[in-house]
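**Student:** Sending over a structure as structure tokens; questions will come in a sec.
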Amino acid sequence: MIPPAAAGVYLAALLRPRTRPFSGAIAVRVGLALVGAVEDAAPGASPWLKWPNDLMVANRKAGGVLCEARWAGASQGWIAVGIGVNVRGPVPGEVKGRAIALAEVSPEVTRTALLEALLPRVWALAGRPSALDDAEREAFRQRQWVEPGVGEAPVGVDGDGALLMRMPDGSLDRRVMPA
């Protein structure tokens with residue numbers, strides 16, 4: 001299904017960071033940038049991140065992030081960042097229980113406001129160090145979405161963006177790919 005004009009924000013950005021970031025770190029950073037932008041542009045949306053790349057609103061997916069990096073050894077390369085957000089819908093009936101448009105919870109939201117809040121945050125990512133710092137890890141911990149009814153408990157992320165899960169036996173599981 002092709003979304004109607006003015007339905008969402010779909011963009012790609014090419015970043016050229018000074019240092020080679022951990023792949024998971026950049027995805028978490030872009031996710032946090034997206035959450036901050038949605039908080040500014042869509043009051044009342046209360047966005048969350050579902051690791052590794054989903055924007056969640058009202059326990060449904062409103063958007064997502066994809067990152068791909070290319071390097072030649074230690075030489076600077078690029079990171080392609082893709083972001084998609086359903087701003088005004090529609091949401092097809094077959095996914096209505098799992099997907100949402102931001103306008104459903106924040107009717108005044110506009111694509112322009114979201115872009116104005118998002119783009120400066122994305123451009124600022126190129127200058128960040130390789131690993132997530134403690135403040136970024138804490139920001140993720142506070143904004144991570146926890147799936148209702150799941151027995152495992154997310155603890156947060158480590159410096160390279162891997163998800164840390166508390167298992168039922170009390171052990172800590174480090175995940176670099178979704179389960």
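Chain labels follow the order of the structure tokens: the first chain is A, the next B, and so on; residue numbering restarts at 1 in every chain, and ligands are counted from 1 in their shown order.
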For Arg121 of chain A, list every protein, DNA or RNA residue within 12 Å, evaluated using only C-alpha atoms, and leave out those in the same chain fewer than 6 positions away; present the list as a PyMOL selection string.

**Tutor:** chain A and resi 13+29-38+40+114-115+127-128

**Student:** Generate a file of the selected residues that holds N, CA and C atoms, formatted as a PDB file, in the first residue's frame.

**Tutor:**
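For reference, selection-v9.pdb as written:
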```pdb
ATOM      1  N   ALA A  13      19.259  10.016   5.585  1.00  0.00           N
ATOM      2  CA  ALA A  13      20.340  10.972   5.797  1.00  0.00           C
ATOM      3  C   ALA A  13      21.651  10.214   5.731  1.00  0.00           C
ATOM      4  N   ARG A  29      21.084   5.960  19.212  1.00  0.00           N
ATOM      5  CA  ARG A  29      21.131   7.428  19.169  1.00  0.00           C
ATOM      6  C   ARG A  29      20.062   8.000  18.245  1.00  0.00           C
ATOM      7  N   VAL A  30      19.906   7.409  17.073  1.00  0.00           N
ATOM      8  CA  VAL A  30      18.879   7.889  16.141  1.00  0.00           C
ATOM      9  C   VAL A  30      17.497   7.676  16.760  1.00  0.00           C
ATOM     10  N   GLY A  31      17.280   6.540  17.403  1.00  0.00           N
ATOM     11  CA  GLY A  31      16.007   6.290  18.075  1.00  0.00           C
ATOM     12  C   GLY A  31      15.711   7.323  19.148  1.00  0.00           C
ATOM     13  N   LEU A  32      16.728   7.657  19.956  1.00  0.00           N
ATOM     14  CA  LEU A  32      16.534   8.685  20.981  1.00  0.00           C
ATOM     15  C   LEU A  32      16.260  10.048  20.360  1.00  0.00           C
ATOM     16  N   ALA A  33      16.930  10.352  19.240  1.00  0.00           N
ATOM     17  CA  ALA A  33      16.663  11.613  18.534  1.00  0.00           C
ATOM     18  C   ALA A  33      15.217  11.643  18.042  1.00  0.00           C
ATOM     19  N   LEU A  34      14.748  10.522  17.525  1.00  0.00           N
ATOM     20  CA  LEU A  34      13.368  10.436  17.035  1.00  0.00           C
ATOM     21  C   LEU A  34      12.366  10.592  18.171  1.00  0.00           C
ATOM     22  N   VAL A  35      12.619   9.937  19.300  1.00  0.00           N
ATOM     23  CA  VAL A  35      11.725  10.073  20.456  1.00  0.00           C
ATOM     24  C   VAL A  35      11.660  11.528  20.906  1.00  0.00           C
ATOM     25  N   GLY A  36      12.815  12.193  21.001  1.00  0.00           N
ATOM     26  CA  GLY A  36      12.837  13.602  21.399  1.00  0.00           C
ATOM     27  C   GLY A  36      12.063  14.482  20.433  1.00  0.00           C
ATOM     28  N   ALA A  37      12.213  14.211  19.141  1.00  0.00           N
ATOM     29  CA  ALA A  37      11.502  14.999  18.130  1.00  0.00           C
ATOM     30  C   ALA A  37       9.994  14.776  18.228  1.00  0.00           C
ATOM     31  N   VAL A  38       9.569  13.534  18.428  1.00  0.00           N
ATOM     32  CA  VAL A  38       8.135  13.252  18.561  1.00  0.00           C
ATOM     33  C   VAL A  38       7.586  13.915  19.823  1.00  0.00           C
ATOM     34  N   ASP A  40       8.544  16.673  21.107  1.00  0.00           N
ATOM     35  CA  ASP A  40       8.402  18.102  20.805  1.00  0.00           C
ATOM     36  C   ASP A  40       7.255  18.385  19.831  1.00  0.00           C
ATOM     37  N   LEU A 114       7.540  17.880  12.922  1.00  0.00           N
ATOM     38  CA  LEU A 114       8.360  16.716  13.229  1.00  0.00           C
ATOM     39  C   LEU A 114       9.733  16.835  12.567  1.00  0.00           C
ATOM     40  N   LEU A 115       9.767  17.231  11.315  1.00  0.00           N
ATOM     41  CA  LEU A 115      11.052  17.410  10.628  1.00  0.00           C
ATOM     42  C   LEU A 115      11.899  18.501  11.275  1.00  0.00           C
ATOM     43  N   GLY A 127      28.981  13.809  15.208  1.00  0.00           N
ATOM     44  CA  GLY A 127      30.095  14.182  16.056  1.00  0.00           C
ATOM     45  C   GLY A 127      30.211  13.396  17.345  1.00  0.00           C
ATOM     46  N   ARG A 128      29.358  12.413  17.556  1.00  0.00           N
ATOM     47  CA  ARG A 128      29.348  11.650  18.816  1.00  0.00           C
ATOM     48  C   ARG A 128      30.461  10.599  18.826  1.00  0.00           C
TER      49      ARG A 128
END
```

**Student:** Name the residues in contact with segment 142-148 of chain A at a cut-off of 6 Å, using only C-alpha atoms, excluding same-chain residues fewer than 6 positions from it; report them as a ChimeraX atom specification.

**Tutor:** /A:48-50

**Student:** Would you mind exporting the chosen residues as a PDB file, in the first residue's frame, restricted to N, CA and C atoms?

**Tutor:**
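The result, stored in again_8.pdb:
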```pdb
ATOM      1  N   TRP A  48       8.029   5.794  22.910  1.00  0.00           N
ATOM      2  CA  TRP A  48       8.981   4.879  23.521  1.00  0.00           C
ATOM      3  C   TRP A  48       9.783   4.217  22.416  1.00  0.00           C
ATOM      4  N   LEU A  49      10.916   3.621  22.773  1.00  0.00           N
ATOM      5  CA  LEU A  49      11.717   2.851  21.825  1.00  0.00           C
ATOM      6  C   LEU A  49      11.597   1.369  22.120  1.00  0.00           C
ATOM      7  N   LYS A  50      11.315   0.610  21.096  1.00  0.00           N
ATOM      8  CA  LYS A  50      11.370  -0.850  21.205  1.00  0.00           C
ATOM      9  C   LYS A  50      12.657  -1.264  20.501  1.00  0.00           C
TER      10      LYS A  50
END
```

**Student:** Based on the backbone DSSP call, show me all residues of chain A assigned helix (DSSP H, G or I), as a VMD selection string.

**Tutor:** chain A and resid 23 to 41 93 to 95 102 to 104 111 to 127 134 to 143

**Student:** Quote the spacing between atom CA of Ala25 of chain A and atom CA of Phe140 of chain A in Å to one decimal place.

**Tutor:**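 The value is 10.8 Å.
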
**Student:** Please indicate the distance in Å from atom CA of Gly73 of chain A to atom CA of Arg175 of chain A, rounded to one decimal place.

**Tutor:** 25.2 Å

**Student:** Near Gly156 of chain A, within 9 Å and counting only C-alpha atoms, which residues show up once chain neighbours fewer than 5 positions away are dropped, as a ChimeraX atom specification?

**Tutor:** /A:137-138,140-142,144,161-165

**Student:** Determine the nearest neighbour of Gly89 of chain A from the options A:Val9, A:Gly170, A:Arg18, A:Asp54, counting only C-alpha atoms.

**Tutor:**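 For Gly89 of chain A, the nearest of the given residues is A:Val9.
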